[in-house]
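All remarks here apply to the structure that follows.
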Amino acid sequence: MFDIKLIRENIEAVKSGLAAKNVKISLEDIIQLDQKNRQLLMAVEELRGQKNTANDEISRLLKEKKDPKEKISSMKAIAAGIDHLEPQIKEIQMRIQDCLLGIPNLPHASVPVGGIEKNQVVRSWGEPKTFDFKPRTHVEIAEQLDIIDFKRAAKLSGSHFVLFKRAGALLERALINFMLDVHTREHGYTEVFPPVLVNRESMTGTGQLPKMEADMYRLKEEDLFLVPTAEVPVTNIHRGEVLDEEKLPICYAAYTPCFRREAGSYGKETKGLVRVHQFDKVELVKFVRPSDSYDELEKLVGHAEKIFQLLGLPYRVLLLASGDLSFAAAKCYDIEVYAAGLDKWLECSSCSNFEDFQARRADIRFKGKTTPKPMFVHTLNGSGVALARTVVAILENYQTKDGDVIIPEVLRPYMGGLEKIRRS
RNA sequence: GGAGAGGUGGCAGAGUGGUCGAAUGCGGCGGUCUCGAAAACCGUUACUCCGCUUUGCGGGGUCUUGGGUUCAAAUCCCAACCUCUCCGCCA
């Protein structure tokens, strides 16, 4: 969310940023509302001041045992004026708030301007794997090995749900533990295990609401939402708090399942694990000093990349162009992993700096030596990493001619020493 | 699900209608003392909005939130949310 002052004072910069993000929002309304708001505010504050003065006089008269009647009646008149203005102000402020909540974050200066075609591959690691046979897709592999049961998953919950079985279930569990271990032991993150149902305030704090309510699973009775990513509960851990500067950066790693309705996205990549309603993910979330946030973003991407390196999966890192940025992001790197069976690069991680956009919405500030006054932190998050698609890459890249799947070495200790998933 | 208690500053905790942004204690910060430290003592210590002649000044708001009563609300009434205790149910 924006500071209304920023819009007021830098309207041209905000406009060009929004244009780069390819968002068409008129700022004229909000500017007008803001002016009207301040005008009414001045009027009502003047009256309130009069009221306070009159109130003090009434107190004094009473103490002196004098008759306050005259003052009381004049105060009634003042109060009536206030009562007239207050609803108008409230109404205007609500409209301003609604406008502000609907404005996306602006791209950072280092972000290429343009649509998806302007995304830049900033580096890559490993070579897309080649085979001396036609590589199968993960769907074929998983069905042959009997480690994923899509049909029964559909019976249980509908299409685009997954039932892992046997070594498939074990692989999922192994990956979660492996990733958490790497991030907590080697990258210094603090492990948390948050609720996967969160309230409306939390969803608004990170920016999923109000814009993307249709994409979320919602419990009507309680008005709770299934988290689309651990970013939501973990970032909201510090909602409404003033953090001690010396504790920064605060870095959390969290595993949660993630739930997405994927409304309207059917038709693309409909088969298999690429787009599902529930998947597992380890998420990394950071709360940092504003001056550090872009360095922290680079580190964050590195931490996510490390997972793919350890798993031996070839990937490339994309710097997203302004038009491809999500609502809340100022800068974002996607990591795409090559999947040999589909012969596609799959987005398996997304690492973003939100600057103070989420912090402002969620009211997360810090103070300390460099800022005696509380200041908004910068928040970042990145998948470290998303499992369903990473499983696709593992199955497709580690398949053998016989239809077996070799387990990446780093996962073997997590799988009771299993080296290969075989047909049984 | 039933019954009760309660939500006040970083924390603890007073405050039952006007003099309360709020006693007191702890913590934090600055100082005195000291070679240094501890202790003791002194001082200081919330956030936010608006305006202006903008390192300052003036004013408004904030005691969970939202309504209401009143000339006047931290204080009274109603509702919501949250927390705690007991009972029931339960992995």
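Chain lettering (A, B, ...) mirrors the order of the structure tokens, residue numbering begins at 1 for each chain separately, and ligand numbering begins at 1 in order of display.
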- Message: Contacts from chain A to chain B, 12 Å maximum, only C-alpha atoms (C1' of nucleotides): show me the residue list as a ChimeraX atom specification.
- Response: /A:5,34-35,37-63,68-80,199,240-244,365,367-369,372-375
Go ahead and save the picked residues with C-alpha atoms, as a PDB file, in the first residue's frame.
```
ATOM      1  CA  LYS A   5       1.708  11.524   0.817  1.00  0.00           C
ATOM      2  CA  ASP A  34      -7.365  13.488  -0.360  1.00  0.00           C
ATOM      3  CA  GLN A  35      -7.827  17.204  -0.851  1.00  0.00           C
ATOM      4  CA  ASN A  37     -10.400  14.967   3.278  1.00  0.00           C
ATOM      5  CA  ARG A  38      -7.793  17.428   4.444  1.00  0.00           C
ATOM      6  CA  GLN A  39     -10.129  20.328   3.968  1.00  0.00           C
ATOM      7  CA  LEU A  40     -12.828  18.717   6.098  1.00  0.00           C
ATOM      8  CA  LEU A  41     -10.248  17.606   8.617  1.00  0.00           C
ATOM      9  CA  MET A  42      -9.117  21.155   9.174  1.00  0.00           C
ATOM     10  CA  ALA A  43     -12.689  22.258   9.722  1.00  0.00           C
ATOM     11  CA  VAL A  44     -13.525  19.497  12.165  1.00  0.00           C
ATOM     12  CA  GLU A  45     -10.296  19.906  14.077  1.00  0.00           C
ATOM     13  CA  GLU A  46     -10.975  23.563  14.531  1.00  0.00           C
ATOM     14  CA  LEU A  47     -14.370  22.679  16.022  1.00  0.00           C
ATOM     15  CA  ARG A  48     -12.918  20.002  18.226  1.00  0.00           C
ATOM     16  CA  GLY A  49     -10.422  22.500  19.519  1.00  0.00           C
ATOM     17  CA  GLN A  50     -13.255  24.869  20.403  1.00  0.00           C
ATOM     18  CA  LYS A  51     -15.065  22.043  22.068  1.00  0.00           C
ATOM     19  CA  ASN A  52     -12.072  21.175  24.184  1.00  0.00           C
ATOM     20  CA  THR A  53     -11.637  24.758  25.274  1.00  0.00           C
ATOM     21  CA  ALA A  54     -15.314  25.008  26.173  1.00  0.00           C
ATOM     22  CA  ASN A  55     -15.086  21.759  28.055  1.00  0.00           C
ATOM     23  CA  ASP A  56     -12.206  23.056  30.157  1.00  0.00           C
ATOM     24  CA  GLU A  57     -14.232  26.139  30.983  1.00  0.00           C
ATOM     25  CA  ILE A  58     -17.194  24.101  32.071  1.00  0.00           C
ATOM     26  CA  SER A  59     -14.952  22.122  34.361  1.00  0.00           C
ATOM     27  CA  ARG A  60     -13.544  25.291  35.800  1.00  0.00           C
ATOM     28  CA  LEU A  61     -16.965  26.846  36.349  1.00  0.00           C
ATOM     29  CA  LEU A  62     -18.200  23.739  38.092  1.00  0.00           C
ATOM     30  CA  LYS A  63     -15.216  23.726  40.366  1.00  0.00           C
ATOM     31  CA  PRO A  68     -22.072  26.550  33.392  1.00  0.00           C
ATOM     32  CA  LYS A  69     -25.410  26.628  31.587  1.00  0.00           C
ATOM     33  CA  GLU A  70     -24.420  29.161  28.983  1.00  0.00           C
ATOM     34  CA  LYS A  71     -21.218  27.303  28.120  1.00  0.00           C
ATOM     35  CA  ILE A  72     -23.065  24.038  27.924  1.00  0.00           C
ATOM     36  CA  SER A  73     -25.473  25.318  25.349  1.00  0.00           C
ATOM     37  CA  SER A  74     -22.697  26.772  23.204  1.00  0.00           C
ATOM     38  CA  MET A  75     -20.867  23.484  23.425  1.00  0.00           C
ATOM     39  CA  LYS A  76     -23.996  21.732  22.174  1.00  0.00           C
ATOM     40  CA  ALA A  77     -23.860  23.864  19.069  1.00  0.00           C
ATOM     41  CA  ILE A  78     -20.213  23.009  18.492  1.00  0.00           C
ATOM     42  CA  ALA A  79     -20.921  19.323  18.968  1.00  0.00           C
ATOM     43  CA  ALA A  80     -23.679  19.511  16.375  1.00  0.00           C
ATOM     44  CA  ASN A 199      -7.989 -14.361   8.785  1.00  0.00           C
ATOM     45  CA  GLY A 240       1.224  -4.486  14.037  1.00  0.00           C
ATOM     46  CA  GLU A 241       4.618  -4.730  15.713  1.00  0.00           C
ATOM     47  CA  VAL A 242       7.575  -2.439  16.127  1.00  0.00           C
ATOM     48  CA  LEU A 243      10.681  -4.602  15.835  1.00  0.00           C
ATOM     49  CA  ASP A 244      13.973  -3.970  17.526  1.00  0.00           C
ATOM     50  CA  ARG A 365       8.001  -1.258  11.684  1.00  0.00           C
ATOM     51  CA  LYS A 367      13.267   1.213  15.530  1.00  0.00           C
ATOM     52  CA  GLY A 368      16.730   1.400  16.942  1.00  0.00           C
ATOM     53  CA  LYS A 369      19.912   3.395  16.864  1.00  0.00           C
ATOM     54  CA  PRO A 372      14.621   6.605  16.916  1.00  0.00           C
ATOM     55  CA  LYS A 373      11.261   6.980  15.191  1.00  0.00           C
ATOM     56  CA  PRO A 374       9.650   3.760  14.019  1.00  0.00           C
ATOM     57  CA  MET A 375      10.111   3.097  10.295  1.00  0.00           C
TER      58      MET A 375
END
```
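Residues of segment 78-164 of chain A that DSSP, applied to the backbone, places in strand (DSSP E): Gln120, Val121, Val122, Arg123, Ser124 and Trp125 of chain A.
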So that I have them on file, write out the residues from the current selection with N, CA and C atoms, as a compact mmCIF listing (two decimals), in the first residue's frame.
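Wrote it out as again_26.txt, contents follow:
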```txt
# COMPACT_ATOMS: atom_id res chain seq x y z
N GLN A 120 14.41 -11.11 -18.24
CA GLN A 120 15.82 -11.37 -18.59
C GLN A 120 16.33 -12.60 -17.86
N VAL A 121 17.00 -13.46 -18.60
CA VAL A 121 17.70 -14.55 -17.96
C VAL A 121 19.01 -13.98 -17.44
N VAL A 122 19.16 -13.92 -16.11
CA VAL A 122 20.37 -13.30 -15.58
C VAL A 122 21.50 -14.31 -15.37
N ARG A 123 21.17 -15.56 -15.19
CA ARG A 123 22.20 -16.60 -15.14
C ARG A 123 21.52 -17.94 -15.22
N SER A 124 22.33 -18.95 -15.51
CA SER A 124 21.77 -20.29 -15.50
C SER A 124 22.81 -21.23 -14.91
N TRP A 125 22.34 -22.37 -14.51
CA TRP A 125 23.21 -23.35 -13.84
C TRP A 125 22.88 -24.73 -14.39
```
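Taking atom CA of Val337 of chain A and atom CA of Glu172 of chain A as the two end points, the separation is 17.3 Å.
Around Leu418 of chain A, within 12 Å and counting only C-alpha atoms (C1' of nucleotides), the residues found are A:Ala167, A:Leu170, A:Leu171, A:Ala174, A:Val405, A:Ile406, A:Ile407, A:Pro408, A:Glu409, A:Val410, A:Leu411, A:Arg412, once anything fewer than 6 positions away on its own chain is removed.
Residue-level DSSP output for segment 78-140 of chain A, from the backbone, shows alpha helix (DSSP H) at A:Ile78, A:Ala79, A:Ala80, A:Gly81, A:Ile82, A:Asp83, A:His84, A:Leu85, A:Glu86, A:Pro87, A:Gln88, A:Ile89, A:Lys90, A:Glu91, A:Ile92, A:Gln93, A:Met94, A:Arg95, A:Ile96, A:Gln97, A:Asp98, A:Cys99, A:Leu100, A:Leu101, A:His138, A:Val139, A:Glu140.
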- Message: Taking 6 positions as the minimum chain separation for residues in the same chain, which residues sit within 8 Å of Ile148 of chain A when counting only C-alpha atoms (C1' of nucleotides)? Answer as number ranges by chain.
- Response: A: 142, 162-165, 168
How would the residues just picked look written out with C-alpha atoms as a PDB file, in the first residue's frame?
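That gives us again04.pdb:
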```pdb
ATOM      1  CA  ALA A 142       4.577 -41.675 -11.635  1.00  0.00           C
ATOM      2  CA  VAL A 162      -2.662 -35.185  -5.828  1.00  0.00           C
ATOM      3  CA  LEU A 163      -2.422 -38.456  -3.936  1.00  0.00           C
ATOM      4  CA  PHE A 164       1.198 -39.384  -3.358  1.00  0.00           C
ATOM      5  CA  LYS A 165       1.888 -43.011  -2.639  1.00  0.00           C
ATOM      6  CA  GLY A 168       6.241 -40.666  -3.959  1.00  0.00           C
TER       7      GLY A 168
END
```
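Around Asn177 of chain A, within 12 Å and counting only C-alpha atoms (C1' of nucleotides), the residues found are Leu170, Leu171, His183, Thr184, Arg185, Glu191, Ala253, Ala254, Tyr255, Thr256, Asp280, Lys281, Val282, Ile307, Gly384, Val385, Leu387, Val410, Leu411, Arg412, Pro413, Tyr414 and Met415 of chain A, once anything fewer than 6 positions away on its own chain is removed.
Omitting segment 298-302 of chain A and its sequence neighbours fewer than 3 positions away, and counting only C-alpha atoms (C1' of nucleotides), the residues within 8 Å are Leu284, Tyr294, Asp295, Glu305, Lys306, Tyr333, Cys351, Asn381 and Gly382 of chain A.
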Selection file, C-alpha atoms, as a short mmCIF file (atom, residue, chain, number, x, y, z; two decimals), in the first residue's frame:
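Contents of part-v2.cif, freshly written:
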```cif
data_model
loop_
_atom_site.label_atom_id
_atom_site.label_comp_id
_atom_site.auth_asym_id
_atom_site.auth_seq_id
_atom_site.Cartn_x
_atom_site.Cartn_y
_atom_site.Cartn_z
CA LEU A 284 11.63 -18.10 3.12
CA TYR A 294 18.23 -5.43 -2.29
CA ASP A 295 21.32 -7.20 -0.97
CA GLU A 305 19.24 -21.73 -6.05
CA LYS A 306 21.28 -23.74 -3.60
CA TYR A 333 13.45 -13.22 -9.65
CA CYS A 351 11.85 -14.44 -4.87
CA ASN A 381 10.01 -13.73 0.45
CA GLY A 382 10.97 -16.53 -1.81
#
```
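Atom CA of Lys420 of chain A lies 9.5 Å from atom CA of Gln399 of chain A.
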Find the spatial neighbours of Phe2 of chain A, counting only C-alpha atoms (C1' of nucleotides), within a cut-off of 10 Å - ignore same-chain residues fewer than 6 positions away - and output them as a short mmCIF file (atom, residue, chain, number, x, y, z; two decimals) with N, CA and C atoms, in the first residue's frame.
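Result went into out-v3.cif, see below:
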```
data_model
loop_
_atom_site.label_atom_id
_atom_site.label_comp_id
_atom_site.auth_asym_id
_atom_site.auth_seq_id
_atom_site.Cartn_x
_atom_site.Cartn_y
_atom_site.Cartn_z
N VAL A 14 4.64 8.05 -9.51
CA VAL A 14 3.69 6.97 -9.26
C VAL A 14 3.00 6.58 -10.56
N GLN A 97 -8.91 4.77 1.55
CA GLN A 97 -8.31 3.50 1.94
C GLN A 97 -8.56 2.42 0.88
N CYS A 99 -9.11 2.86 -2.27
CA CYS A 99 -8.28 3.17 -3.43
C CYS A 99 -6.85 2.73 -3.20
N LEU A 100 -6.33 3.09 -2.04
CA LEU A 100 -4.93 2.78 -1.75
C LEU A 100 -4.67 1.27 -1.75
N LEU A 101 -5.62 0.52 -1.18
CA LEU A 101 -5.44 -0.93 -1.10
C LEU A 101 -5.44 -1.58 -2.48
N GLY A 102 -6.04 -0.89 -3.44
CA GLY A 102 -6.12 -1.45 -4.78
C GLY A 102 -4.96 -1.07 -5.68
N ILE A 103 -4.07 -0.23 -5.19
CA ILE A 103 -2.94 0.20 -6.02
C ILE A 103 -1.77 -0.74 -5.79
N PRO A 104 -1.22 -1.29 -6.88
CA PRO A 104 -0.11 -2.23 -6.71
C PRO A 104 1.19 -1.51 -6.39
N ASN A 105 2.18 -2.27 -6.00
CA ASN A 105 3.49 -1.69 -5.75
C ASN A 105 4.13 -1.25 -7.07
N LEU A 106 5.10 -0.37 -6.97
CA LEU A 106 5.79 0.12 -8.16
C LEU A 106 7.08 -0.67 -8.37
N ASP A 356 8.55 -1.59 1.26
CA ASP A 356 7.69 -1.36 2.43
C ASP A 356 6.21 -1.54 2.12
N PHE A 357 5.92 -2.12 0.95
CA PHE A 357 4.53 -2.24 0.51
C PHE A 357 3.69 -3.10 1.47
N GLN A 358 4.21 -4.27 1.81
CA GLN A 358 3.49 -5.12 2.75
C GLN A 358 3.59 -4.57 4.17
N ARG A 360 3.69 -1.58 5.17
CA ARG A 360 2.74 -0.50 5.34
C ARG A 360 1.33 -1.05 5.56
N ARG A 361 0.96 -2.03 4.75
CA ARG A 361 -0.37 -2.64 4.92
C ARG A 361 -0.49 -3.32 6.26
#
```
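Our summary of the geometry notes that atom CA of Asn119 of chain A is positioned 15.2 Å from atom CA of Tyr315 of chain A.
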